[in-house]
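What follows is a short report on a single structure.
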Amino acid sequence: MRIADFALERYFAHWEFAVKHLLCASDVEPYPMAGLLELADAETRALWDDLRLGYTESTGHPLLRREIAGLYTTVESDDVLTFAGAEEAVFCLMNVLLGPGDHAIVTWPGYQSLYEVARAVGADVTLHELREANAWDLDLDLLRRQVTPATRLIVVNLPHNPTGMLPDRAAYAELVALADEAGVYLLVDEVYRGLEFDEADRIPAGADALPRGLSLGVMSKAYAMAGLRIGWLATNDRDLLARIAAFKDYTTICSSGPSEILAIIALRARVTVLARSRGIVGANMDLLDAFFEDWADRFEWVRPRAGSIGYPRLTAPGVRIDDWAADLVEAEGVLLLPGSQLGHPGNRFRIGFGRADLPEALARLESFAGKTLR
Ligand SMILES: Cc1ncc(COP(=O)(O)O)c(C=O)c1O
């Protein structure tokens, strides 16, 4: 397989561990290992203490699949398959579901693997462009026109990376009906699910919404445990899941044993874990709201409704975001992600607000803005 470089990952490979402040990270401040173990109940503590480091069940630890199934309303353990992160799940799913002659529609701008892997396996990919002028919302009339007889898969990422867009229930129901009537699979990348600013805004999971719906989840974002590399697919389509499981024999075979147990602990304690994440994100959003109000003549954004990232635009006349971000990281050690890294034109950048150092990073950015944009 030939596949284009994953631009964002190459950018992070260069910068992530070299800068002081990662103000474009998409995850939440990593959960401390010691704190997680304190959340273990008697059963999971024994699982951890008695763990033997062998291969694990290739579909995922039965207790882990049970905990994951508990996140949905129509899903049982056998409707869940675990992976090394969400990334492996995307790779396996696209390889199994798509090939030459198949058509897929994928929201854009967005997480590159959602369309790049589909292209690499030979599918014809149509990007469903989200536009700032439309508050980054799905354009369901456009989407309807993009469906062809060859369409096999629609991919949406909700809450959305990088804009924080989340449709209301009516728009989401329309999307689900559209996919259902067209008889296509609907993959809902829900890796930011659980980080809705108002919990009442949470939409039904893809796996629960329609028979050919697939939910993509992960421990990395809302659960703040990217280092576990535990992700999953959930769907009521067990035949498809079985074919994906067979493909996984050629990637990782099975999950990391320690990570599985830690994920079980975290999911059982998810009320605590998610409350911590929402607390960090909420406090940081207050600071960003104040910043964007003070700097309304230099930056604009559609305020996210969920997640840990947003996608503002630098409006200062004559200043290119790529240049400004390069100067910012050099002067202050604060990293932004210009839209060019997403292959998206315009003067926008991704900002992350899941990390604990946001107050200091934003103060540094503001001080730099004071010197360069006024
Ligand atoms: C929308 C989206 N999907 C999938 C992933 C992959 O998640 P992971 O790196 O945990 O595998 C990411 C990571 O940034 C993401 O933003």
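By order of appearance in the structure tokens: chains A, B, ..., then residues from 1 within every chain, and ligands from 1 in the order shown.
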
Return as a CSV table (one decimal) with N, CA and C atoms, in the first residue's frame the residues of protein, DNA or RNA that approach ligand 1 to within 10 Å, with only C-alpha atoms and all ligand atoms taken into account.
```csv
chain,number,residue,atom,x,y,z
A,8,LEU,N,-0.2,16.1,9.8
A,8,LEU,CA,-0.3,16.5,11.2
A,8,LEU,C,0.7,15.7,12.1
A,9,GLU,N,0.7,14.4,11.8
A,9,GLU,CA,1.6,13.5,12.6
A,9,GLU,C,3.1,13.8,12.4
A,25,ALA,N,-2.6,20.7,21.2
A,25,ALA,CA,-2.8,19.2,21.5
A,25,ALA,C,-4.4,19.0,21.4
A,26,SER,N,-4.7,17.8,21.0
A,26,SER,CA,-6.2,17.5,20.9
A,26,SER,C,-6.6,16.6,22.1
A,27,ASP,N,-5.7,16.2,22.9
A,27,ASP,CA,-6.1,15.3,24.1
A,27,ASP,C,-6.2,16.2,25.3
A,83,PHE,N,-8.8,-2.0,19.7
A,83,PHE,CA,-7.7,-1.7,18.8
A,83,PHE,C,-6.6,-0.9,19.6
A,84,ALA,N,-5.5,-0.8,18.9
A,84,ALA,CA,-4.4,0.1,19.4
A,84,ALA,C,-4.8,1.5,19.0
A,85,GLY,N,-5.5,2.2,19.8
A,85,GLY,CA,-6.0,3.5,19.5
A,85,GLY,C,-7.1,3.5,18.5
A,86,ALA,N,-7.6,4.7,18.2
A,86,ALA,CA,-8.6,4.8,17.2
A,86,ALA,C,-8.0,4.7,15.8
A,87,GLU,N,-6.8,5.0,15.8
A,87,GLU,CA,-6.1,5.0,14.5
A,87,GLU,C,-6.0,3.6,13.8
A,88,GLU,N,-5.8,2.6,14.6
A,88,GLU,CA,-5.7,1.3,14.1
A,88,GLU,C,-7.2,0.8,13.6
A,89,ALA,N,-8.1,1.3,14.4
A,89,ALA,CA,-9.5,0.9,14.0
A,89,ALA,C,-9.9,1.5,12.6
A,90,VAL,N,-9.5,2.7,12.4
A,90,VAL,CA,-9.7,3.4,11.1
A,90,VAL,C,-9.1,2.6,10.0
A,110,GLY,N,-10.3,17.8,8.4
A,110,GLY,CA,-10.4,16.9,9.5
A,110,GLY,C,-9.2,16.0,9.7
A,111,TYR,N,-9.4,15.0,10.4
A,111,TYR,CA,-8.3,14.1,10.8
A,111,TYR,C,-7.9,13.2,9.6
A,112,GLN,N,-6.7,13.4,9.1
A,112,GLN,CA,-6.4,12.9,7.8
A,112,GLN,C,-6.6,11.5,7.5
A,113,SER,N,-6.4,10.6,8.5
A,113,SER,CA,-6.5,9.2,8.2
A,113,SER,C,-7.9,8.8,7.8
A,114,LEU,N,-8.9,9.6,8.2
A,114,LEU,CA,-10.3,9.3,7.9
A,114,LEU,C,-10.5,9.3,6.4
A,156,VAL,N,-18.3,10.8,9.4
A,156,VAL,CA,-18.4,12.1,10.1
A,156,VAL,C,-17.6,12.0,11.4
A,157,ASN,N,-17.1,13.1,11.9
A,157,ASN,CA,-16.4,13.2,13.1
A,157,ASN,C,-17.1,14.2,14.0
A,158,LEU,N,-17.8,13.7,15.0
A,158,LEU,CA,-18.7,14.5,15.9
A,158,LEU,C,-18.5,14.1,17.4
A,159,PRO,N,-18.1,15.0,18.2
A,159,PRO,CA,-17.6,16.4,18.0
A,159,PRO,C,-16.4,16.4,17.0
A,160,HIS,N,-16.3,17.5,16.3
A,160,HIS,CA,-15.4,17.6,15.2
A,160,HIS,C,-14.0,18.1,15.5
A,161,ASN,N,-13.0,17.5,15.0
A,161,ASN,CA,-11.7,17.9,15.0
A,161,ASN,C,-11.4,18.6,13.6
A,162,PRO,N,-11.1,19.8,13.5
A,162,PRO,CA,-10.6,20.7,14.5
A,162,PRO,C,-11.6,21.8,15.0
A,188,VAL,N,-19.2,7.1,12.7
A,188,VAL,CA,-19.2,8.3,13.5
A,188,VAL,C,-18.0,8.2,14.4
A,189,ASP,N,-17.0,9.1,14.0
A,189,ASP,CA,-15.8,9.2,14.8
A,189,ASP,C,-16.1,10.0,16.1
A,190,GLU,N,-16.3,9.3,17.2
A,190,GLU,CA,-16.8,9.9,18.4
A,190,GLU,C,-15.6,10.0,19.5
A,191,VAL,N,-14.4,10.3,19.0
A,191,VAL,CA,-13.3,10.2,20.0
A,191,VAL,C,-13.4,11.4,21.0
A,192,TYR,N,-14.1,12.5,20.6
A,192,TYR,CA,-14.3,13.6,21.6
A,192,TYR,C,-15.6,13.5,22.3
A,216,LEU,N,-16.8,5.0,16.6
A,216,LEU,CA,-15.3,4.9,16.9
A,216,LEU,C,-15.0,5.6,18.2
A,217,GLY,N,-14.5,4.9,19.1
A,217,GLY,CA,-14.2,5.5,20.4
A,217,GLY,C,-12.7,5.2,20.8
A,218,VAL,N,-12.3,5.9,21.8
A,218,VAL,CA,-10.9,5.8,22.2
A,218,VAL,C,-10.7,6.3,23.7
A,219,MET,N,-9.6,5.9,24.3
A,219,MET,CA,-9.3,6.4,25.7
A,219,MET,C,-8.5,7.7,25.6
A,220,SER,N,-8.1,8.1,24.4
A,220,SER,CA,-7.1,9.2,24.3
A,220,SER,C,-7.6,10.6,24.7
A,221,LYS,N,-8.8,10.9,24.3
A,221,LYS,CA,-9.2,12.3,24.4
A,221,LYS,C,-10.0,12.6,25.6
A,224,ALA,N,-8.5,11.1,28.6
A,224,ALA,CA,-7.2,11.6,29.0
A,224,ALA,C,-6.1,10.6,29.1
A,225,MET,N,-6.2,9.5,28.3
A,225,MET,CA,-5.3,8.4,28.5
A,225,MET,C,-4.8,7.9,27.1
A,226,ALA,N,-4.2,8.8,26.3
A,226,ALA,CA,-3.7,8.5,25.0
A,226,ALA,C,-2.6,7.4,25.0
A,227,GLY,N,-1.9,7.4,26.1
A,227,GLY,CA,-0.8,6.5,26.2
A,227,GLY,C,-1.2,5.0,26.4
A,228,LEU,N,-2.5,4.8,26.7
A,228,LEU,CA,-2.9,3.4,26.8
A,228,LEU,C,-3.0,2.8,25.4
A,229,ARG,N,-3.2,3.6,24.4
A,229,ARG,CA,-3.5,3.2,23.0
A,229,ARG,C,-4.6,2.1,23.0
A,230,ILE,N,-5.7,2.5,23.6
A,230,ILE,CA,-6.8,1.6,23.5
A,230,ILE,C,-8.0,2.4,22.8
A,231,GLY,N,-8.4,1.8,21.7
A,231,GLY,CA,-9.6,2.4,21.0
A,231,GLY,C,-10.5,1.2,20.7
A,232,TRP,N,-11.6,1.6,20.1
A,232,TRP,CA,-12.6,0.5,19.8
A,232,TRP,C,-13.5,0.9,18.6
A,307,GLY,N,-15.6,19.1,22.9
A,307,GLY,CA,-14.3,18.7,22.5
A,307,GLY,C,-13.2,19.5,23.3
A,308,SER,N,-12.0,19.4,22.8
A,308,SER,CA,-10.9,20.0,23.4
A,308,SER,C,-10.1,20.8,22.4
A,309,ILE,N,-10.6,21.1,21.3
A,309,ILE,CA,-10.0,21.9,20.3
A,309,ILE,C,-10.9,22.8,19.5
```

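The environment of stretch 279-284 of chain A within 6 Å, counting only C-alpha atoms and disregarding residues fewer than 4 places along the same chain, consists of A:Ala275, A:Phe353, A:Gly354.
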
**Counting only C-alpha atoms, the residue of A:Asn236, A:Asn95, A:Ser259, A:Thr107 that sits nearest A:His128** =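 Of the candidates, the smallest distance to A:His128 is held by A:Thr107.
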
**Prompt:** Near A:Gly101, within 10 Å and counting only C-alpha atoms, which residues show up once chain neighbours fewer than 6 positions away are dropped, as a ChimeraX atom specification?
**Reply:** /A:122-124,150-152

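Considering the residues A:Val28, A:Gly206, A:Glu260, A:Leu23 and counting only C-alpha atoms, A:Leu328 has its shortest atom-to-atom contact with A:Leu23.
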
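For the set A:Ala234, A:Ala326, A:Val184, A:Ala205, the residue with the smallest atom-to-atom gap to A:Thr82 is A:Ala234, counting only C-alpha atoms.
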
**Request:** For A:Ala118, please output as a PyMOL selection string all residues within 12 Å (counting only C-alpha atoms; exclusion window: fewer than 3 positions along the same chain).
**Result:** chain A and resi 1-4+90-106+112-115+121-127+152-155

**Message:** Please determine, counting only C-alpha atoms, which residue among A:Ile264, A:Ala171, A:Glu116, A:Ala306 has the shortest atom-to-atom distance to A:Arg202.
**Reply:** A:Ala306

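Take the candidates A:Phe197, A:Trp301, A:Tyr72, A:Tyr311 and check each one against A:Ala209 using only C-alpha atoms; the shortest distance goes to A:Tyr72.
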
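Between A:Val302 and the candidates A:Leu39, A:Leu130, A:Met285, A:Met165, the tightest atom-to-atom separation, counting only C-alpha atoms, involves A:Met165.
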
**Request:** From the DSSP assignment of the backbone, select every residue of stretch 277-307 of chain A that is alpha helix (DSSP H), and format the answer as a PyMOL selection string.
**Result:** chain A and resi 277-294

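The residue set within 12 Å of A:Tyr55, counting only C-alpha atoms and dropping same-chain residues fewer than 4 places from it, reads Leu51, Thr59, Gly60, His61, Thr252, Ile253, Cys254, Ser255, Ser256, Gly257, Pro258 and Glu260 of chain A.
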
**Message:** Could you list, as a list of chain:residue names, every residue within 9 Å of A:Ile265, counting only C-alpha atoms and ignoring same-chain residues fewer than 6 positions away?
**Reply:**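 Near A:Ile265, the qualifying residues are A:Leu36, A:Leu37, A:Leu39, A:Ala40, A:Asp41, A:Thr44, A:Arg45, A:Leu64.
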
If you keep N, CA and C atoms, can you produce a file of those selected residues as an mmCIF file, in the first residue's frame?
```cif
data_model
loop_
_atom_site.group_PDB
_atom_site.id
_atom_site.type_symbol
_atom_site.label_atom_id
_atom_site.label_comp_id
_atom_site.auth_asym_id
_atom_site.auth_seq_id
_atom_site.Cartn_x
_atom_site.Cartn_y
_atom_site.Cartn_z
ATOM 1 N N LEU A 36 -4.936 6.941 38.685
ATOM 2 C CA LEU A 36 -5.837 5.970 38.060
ATOM 3 C C LEU A 36 -5.923 4.703 38.910
ATOM 4 N N LEU A 37 -4.782 4.219 39.374
ATOM 5 C CA LEU A 37 -4.804 2.982 40.177
ATOM 6 C C LEU A 37 -5.606 3.159 41.461
ATOM 7 N N LEU A 39 -8.311 4.546 41.629
ATOM 8 C CA LEU A 39 -9.731 4.404 41.273
ATOM 9 C C LEU A 39 -10.153 2.937 41.108
ATOM 10 N N ALA A 40 -9.189 2.020 41.180
ATOM 11 C CA ALA A 40 -9.510 0.608 40.953
ATOM 12 C C ALA A 40 -10.440 0.079 42.050
ATOM 13 N N ASP A 41 -11.362 -0.794 41.658
ATOM 14 C CA ASP A 41 -12.163 -1.491 42.672
ATOM 15 C C ASP A 41 -11.450 -2.810 42.997
ATOM 16 N N THR A 44 -10.724 -5.030 39.825
ATOM 17 C CA THR A 44 -9.723 -4.541 38.867
ATOM 18 C C THR A 44 -8.345 -4.416 39.524
ATOM 19 N N ARG A 45 -8.315 -4.153 40.834
ATOM 20 C CA ARG A 45 -7.025 -4.108 41.531
ATOM 21 C C ARG A 45 -6.374 -5.500 41.465
ATOM 22 N N LEU A 64 -13.305 -5.512 29.432
ATOM 23 C CA LEU A 64 -13.155 -4.218 28.750
ATOM 24 C C LEU A 64 -14.277 -4.044 27.727
#
```

**Message:** Please report the interatomic distance between atom CA of A:Trp108 and atom CA of A:Asp5 in Å with one decimal.
**Reply:**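 Result for atom CA of A:Trp108 versus atom CA of A:Asp5: 17.0 Å, one decimal.
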
**Message:** To one decimal place in Å, what is the distance between atom CA of A:Pro167 and atom CA of A:Asn134?
**Reply:**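 These atoms are spaced 11.8 Å apart.
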
**Prompt:** Per DSSP on the backbone, what are the strand (DSSP E or B) residues of stretch 104-265 of chain A, as a VMD selection string?
**Reply:** chain A and resid 104 to 108 124 to 129 151 to 157 185 to 189 196 213 to 218 231 to 235

Please save C-alpha atoms of the selected residues as an mmCIF file, in the first residue's frame.
```
data_model
loop_
_atom_site.group_PDB
_atom_site.id
_atom_site.type_symbol
_atom_site.label_atom_id
_atom_site.label_comp_id
_atom_site.auth_asym_id
_atom_site.auth_seq_id
_atom_site.Cartn_x
_atom_site.Cartn_y
_atom_site.Cartn_z
ATOM 1 C CA ALA A 104 -16.788 7.169 0.474
ATOM 2 C CA ILE A 105 -17.785 10.617 1.685
ATOM 3 C CA VAL A 106 -15.710 12.112 4.492
ATOM 4 C CA THR A 107 -16.073 15.416 6.357
ATOM 5 C CA TRP A 108 -13.259 17.890 5.723
ATOM 6 C CA ASP A 124 -13.040 7.075 -4.587
ATOM 7 C CA VAL A 125 -13.292 9.694 -1.828
ATOM 8 C CA THR A 126 -15.479 12.796 -1.875
ATOM 9 C CA LEU A 127 -14.671 15.357 0.790
ATOM 10 C CA HIS A 128 -17.696 16.877 2.453
ATOM 11 C CA GLU A 129 -16.444 20.387 3.071
ATOM 12 C CA THR A 151 -21.318 5.086 -2.031
ATOM 13 C CA ARG A 152 -20.579 2.542 0.660
ATOM 14 C CA LEU A 153 -19.521 4.700 3.585
ATOM 15 C CA ILE A 154 -20.142 8.144 5.051
ATOM 16 C CA VAL A 155 -17.649 9.294 7.662
ATOM 17 C CA VAL A 156 -18.377 12.099 10.094
ATOM 18 C CA ASN A 157 -16.381 13.171 13.123
ATOM 19 C CA TYR A 185 -22.471 2.542 6.444
ATOM 20 C CA LEU A 186 -22.164 5.560 8.720
ATOM 21 C CA LEU A 187 -18.925 5.786 10.684
ATOM 22 C CA VAL A 188 -19.202 8.311 13.484
ATOM 23 C CA ASP A 189 -15.772 9.160 14.845
ATOM 24 C CA GLU A 196 -19.846 18.289 25.299
ATOM 25 C CA GLY A 213 -23.853 2.669 12.169
ATOM 26 C CA LEU A 214 -20.367 2.375 13.621
ATOM 27 C CA SER A 215 -19.036 4.206 16.659
ATOM 28 C CA LEU A 216 -15.331 4.901 16.869
ATOM 29 C CA GLY A 217 -14.159 5.500 20.436
ATOM 30 C CA VAL A 218 -10.856 5.802 22.239
ATOM 31 C CA GLY A 231 -9.555 2.367 20.996
ATOM 32 C CA TRP A 232 -12.597 0.502 19.758
ATOM 33 C CA LEU A 233 -15.284 0.061 17.161
ATOM 34 C CA ALA A 234 -18.833 -0.671 18.224
ATOM 35 C CA THR A 235 -21.535 -1.751 15.799
#
```

**Request:** Pick out the residues sitting within 8 Å of A:Val334, and hand them over as a ChimeraX atom specification; count only C-alpha atoms, and ignore anything fewer than 3 positions along from it in its own chain.
**Result:** /A:19-23,328-330,361,364-365

**Request:** Mind giving me the straight-line distance from atom CA of A:Arg66 to atom CA of A:Leu241 in Å, one decimal?
**Result:**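 Rounded to one decimal, the two atoms are 15.8 Å apart.
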